[in-house]
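target31.csv follows; it contains CSV, C-alpha atoms.
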```
chain,number,residue,atom,x,y,z
A,22,MET,CA,-15.8,-0.8,15.6
A,23,LEU,CA,-13.9,-0.1,18.8
A,24,LYS,CA,-15.8,0.4,22.0
A,25,LYS,CA,-15.5,3.7,23.8
A,26,GLY,CA,-13.9,1.9,26.8
A,27,VAL,CA,-11.2,0.4,24.7
A,28,PHE,CA,-10.3,3.7,23.2
A,29,LEU,CA,-10.2,5.4,26.7
A,30,ASN,CA,-8.0,2.7,28.1
A,31,PHE,CA,-5.6,3.0,25.1
A,32,TYR,CA,-5.7,6.8,25.6
A,33,ARG,CA,-4.9,6.5,29.3
A,34,PHE,CA,-2.0,4.1,28.6
A,35,PHE,CA,-0.6,6.3,25.9
A,36,THR,CA,-0.8,9.5,28.0
A,37,VAL,CA,1.0,7.8,30.9
A,38,PHE,CA,3.6,6.4,28.5
A,39,ILE,CA,4.2,9.8,27.0
A,40,GLU,CA,4.3,11.4,30.4
A,41,ASN,CA,7.0,8.9,31.6
A,42,ILE,CA,9.1,9.6,28.5
A,43,LEU,CA,8.7,13.4,29.0
A,44,ASN,CA,9.7,13.0,32.7
A,45,ARG,CA,12.8,11.0,31.8
A,46,TRP,CA,13.9,13.4,29.0
A,47,CYS,CA,13.3,16.5,31.1
A,48,LYS,CA,15.1,15.1,34.1
A,49,ALA,CA,18.1,14.3,31.9
A,50,LEU,CA,18.0,17.9,30.7
A,51,TYR,CA,17.4,19.3,34.2
A,52,LEU,CA,13.9,20.6,33.3
A,53,TYR,CA,10.7,20.2,35.3
A,54,PRO,CA,8.1,18.3,33.3
A,55,GLU,CA,5.6,18.3,36.2
A,56,PHE,CA,5.1,22.0,35.6
A,57,LEU,CA,4.4,21.5,31.9
A,58,ILE,CA,1.9,18.6,32.5
A,59,THR,CA,0.0,20.1,35.4
A,60,LYS,CA,0.0,23.7,34.0
A,61,TYR,CA,-0.9,22.6,30.5
A,62,PRO,CA,-3.1,19.4,30.6
A,63,PRO,CA,-4.2,19.9,26.9
A,64,LEU,CA,-0.6,19.2,26.0
A,65,MET,CA,-1.0,15.5,26.4
A,66,LYS,CA,-4.1,15.6,24.3
A,67,ILE,CA,-2.3,17.5,21.5
A,68,LEU,CA,0.7,15.1,21.7
A,69,PHE,CA,-1.6,12.0,21.6
A,70,ILE,CA,-3.6,13.3,18.6
A,71,SER,CA,-0.5,14.4,16.7
A,72,ILE,CA,1.3,11.1,17.1
A,73,LEU,CA,-1.9,9.1,16.3
A,74,THR,CA,-2.5,11.1,13.2
A,75,LEU,CA,1.1,10.6,12.1
A,76,PHE,CA,0.8,6.8,12.4
A,77,LEU,CA,-2.6,6.7,10.7
A,78,SER,CA,-1.6,8.9,7.8
A,79,THR,CA,1.3,6.7,6.8
A,80,SER,CA,-0.9,3.6,6.8
A,81,VAL,CA,-3.7,5.2,4.9
A,82,PHE,CA,-1.6,6.6,2.0
A,83,SER,CA,0.6,3.6,1.4
A,84,GLN,CA,-0.2,0.6,-0.8
A,85,SER,CA,-0.1,-2.7,1.1
A,86,GLU,CA,0.7,-6.2,0.0
A,87,LYS,CA,-3.0,-6.9,-0.1
A,88,ASP,CA,-3.6,-4.2,-2.7
A,89,TYR,CA,-0.9,-5.7,-5.0
A,90,THR,CA,-2.1,-9.2,-4.4
A,91,THR,CA,-5.7,-8.2,-5.2
A,92,THR,CA,-4.5,-6.5,-8.4
A,93,LEU,CA,-2.4,-9.5,-9.5
A,94,GLU,CA,-5.3,-11.8,-8.9
A,95,LEU,CA,-7.4,-9.6,-11.1
A,96,ILE,CA,-4.6,-9.7,-13.8
A,97,LYS,CA,-4.3,-13.4,-13.5
A,98,LYS,CA,-8.1,-13.9,-13.9
A,99,ALA,CA,-8.2,-11.4,-16.8
A,100,LEU,CA,-5.2,-13.0,-18.6
A,101,ASN,CA,-6.5,-16.6,-18.2
A,102,GLU,CA,-10.0,-15.7,-19.4
A,103,LYS,CA,-8.8,-13.3,-22.1
A,104,LYS,CA,-10.7,-10.4,-20.6
A,105,SER,CA,-8.3,-7.5,-21.1
A,106,SER,CA,-11.0,-5.0,-20.3
A,107,LEU,CA,-10.8,-6.0,-16.6
A,108,ILE,CA,-7.2,-4.9,-16.4
A,109,HIS,CA,-7.8,-1.8,-18.7
A,110,GLU,CA,-10.5,-0.6,-16.3
A,111,LYS,CA,-8.0,-0.6,-13.5
A,112,PHE,CA,-5.6,1.7,-15.4
A,113,ASP,CA,-5.3,5.3,-14.4
A,114,ALA,CA,-6.1,8.0,-17.0
A,115,LYS,CA,-2.6,8.4,-18.2
A,116,LEU,CA,-2.1,4.7,-18.8
A,117,LYS,CA,-5.5,4.4,-20.5
A,118,GLY,CA,-4.4,7.1,-22.9
A,119,LYS,CA,-1.2,5.2,-23.7
A,120,TRP,CA,-3.0,1.8,-24.2
A,121,SER,CA,-6.2,1.8,-26.1
A,122,PRO,CA,-8.6,-1.1,-25.2
A,123,ASP,CA,-8.2,-2.7,-28.7
A,124,LYS,CA,-4.4,-2.4,-28.6
A,125,PHE,CA,-4.2,-3.8,-25.1
A,126,GLY,CA,-6.7,-6.6,-25.9
A,127,LYS,CA,-4.5,-7.7,-28.9
A,128,MET,CA,-1.4,-7.7,-26.6
A,129,VAL,CA,-3.2,-9.9,-24.0
A,130,ASP,CA,-4.5,-12.3,-26.7
A,131,SER,CA,-1.0,-12.6,-28.1
A,132,LEU,CA,0.5,-13.2,-24.7
A,133,HIS,CA,-2.1,-15.9,-23.9
A,134,LYS,CA,-1.5,-17.6,-27.3
A,135,ASP,CA,2.3,-17.6,-26.8
A,136,LYS,CA,2.6,-18.3,-23.1
A,137,GLY,CA,-0.6,-20.0,-22.1
A,138,LYS,CA,-2.4,-19.5,-18.8
A,139,MET,CA,-0.9,-17.6,-15.9
A,140,SER,CA,-0.3,-19.9,-12.9
A,141,THR,CA,1.7,-18.2,-10.1
A,142,TYR,CA,3.5,-14.9,-9.3
A,143,GLU,CA,6.1,-13.9,-6.8
A,144,LEU,CA,7.6,-10.5,-5.8
A,145,ILE,CA,11.2,-10.5,-6.6
A,146,MET,CA,12.2,-6.8,-6.5
A,147,GLU,CA,10.7,-3.6,-5.1
A,148,ASP,CA,11.6,-0.1,-6.2
A,149,GLU,CA,10.1,3.3,-5.3
A,150,LYS,CA,8.5,3.5,-8.8
A,151,GLU,CA,7.3,-0.1,-9.2
A,152,LYS,CA,7.3,-3.7,-8.0
A,153,ASN,CA,8.7,-6.5,-10.1
A,154,PHE,CA,6.9,-9.8,-10.1
A,155,LEU,CA,8.1,-13.1,-11.6
A,156,VAL,CA,5.0,-14.6,-13.3
A,157,GLU,CA,4.9,-18.3,-14.3
A,158,PHE,CA,2.9,-19.2,-17.3
A,159,GLU,CA,2.2,-22.7,-18.9
A,160,ASN,CA,4.9,-22.1,-21.5
A,161,GLY,CA,7.5,-19.9,-19.7
A,162,SER,CA,8.1,-17.1,-17.3
A,163,MET,CA,7.6,-13.3,-17.6
A,164,LEU,CA,8.4,-10.3,-15.5
A,165,VAL,CA,5.5,-8.0,-14.6
A,166,LEU,CA,6.4,-4.5,-13.5
A,167,LEU,CA,3.5,-2.9,-11.6
A,168,TYR,CA,2.9,0.2,-9.6
A,169,LEU,CA,-0.4,1.3,-7.9
A,170,SER,CA,-1.5,4.8,-7.1
A,171,LYS,CA,-2.9,5.8,-3.8
A,172,ASP,CA,-6.4,5.2,-5.0
A,173,GLY,CA,-5.5,1.6,-6.2
A,174,LYS,CA,-5.3,2.4,-9.9
A,175,ILE,CA,-2.5,0.9,-12.0
A,176,THR,CA,-0.1,3.7,-13.0
A,177,SER,CA,2.6,1.5,-14.4
A,178,PHE,CA,2.2,-1.8,-16.1
A,179,GLN,CA,4.8,-3.7,-18.2
A,180,ILE,CA,5.3,-7.3,-19.2
A,181,LYS,CA,8.8,-8.3,-20.1
A,182,ASP,CA,10.6,-11.6,-21.0
A,183,TYR,CA,12.5,-13.1,-18.1
```
Spell out the structure here as structure tokens.
Amino acid sequence: MLKKGVFLNFYRFFTVFIENILNRWCKALYLYPEFLITKYPPLMKILFISILTLFLSTSVFSQSEKDYTTTLELIKKALNEKKSSLIHEKFDAKLKGKWSPDKFGKMVDSLHKDKGKMSTYELIMEDEKEKNFLVEFENGSMLVLLYLSKDGKITSFQIKDY
């Protein structure tokens, strides 16, 4: 947790930074920013909160590498231990409807029988809709196409030959 003093120092730095930028822009446009800043002090507070909210909202709603790494580690564990239910629980409602637990379990057992245990994975391509990972097994390589929703559920999951 951040201490109050750290936040205030950051706020002061940020307000001075924004004020300097406003001064430069306004002087270039022959405006008088001192009037805006002295006449409307809440302007700096509104600008600070707006910009901070913009940065935080993009980081909160996007999936990070850590989310995908955690999911792939779960998939690796589930495939190696033949526990398809671990992966199936992470599916979103639409994908759960597409793959019944029994059907998905048979697919995982078949994959484990044919390819062996999963050893490593590596991101090879990234789209807007999914990420493609090259997955190494004991007896070959496969391509895993994966996409996570904002709440961390698997919304797209495919395993293809490579």
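The gap separating CA of Leu107 (chain A) from CA of Val165 (chain A) is 16.5 Å, in Å to one decimal.
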Report summary line: Here CA of Trp120 (chain A) and CA of Glu147 (chain A) stand apart by 24.1 Å
Requested in this report: State, in Å with one decimal place, the distance from CA of Phe158 (chain A) to CA of Lys171 (chain A).
Outcome: 29.0 Å
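Minimum distance to Leu164 (chain A) across A:Thr176, A:Asn101, A:Thr141, A:Ser131 (counting only C-alpha atoms) occurs at A:Thr141.
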Query raised in the report: Which residue gives the smallest distance to Gly137 (chain A) among A:Asp113, A:Glu94, A:Glu102, A:Asp182, with only C-alpha atoms counted?
Result: A:Glu102
Query raised in the report: Can you find the residues with an atom no farther than 12 Å from (-3.5, -12.3, -24.8), counting all atoms listed in the file, and report them as a ChimeraX atom specification?
Result: /A:96-106,108,123-139,180
Report task. Using only C-alpha atoms, find all polymer residues with an atom at most 6 Å away from the point (6.2, -3.6, -12.5); report them as JSON, numbers by chain. Result -> {"A": [151, 152, 153, 165, 166, 167, 168, 178, 179]}
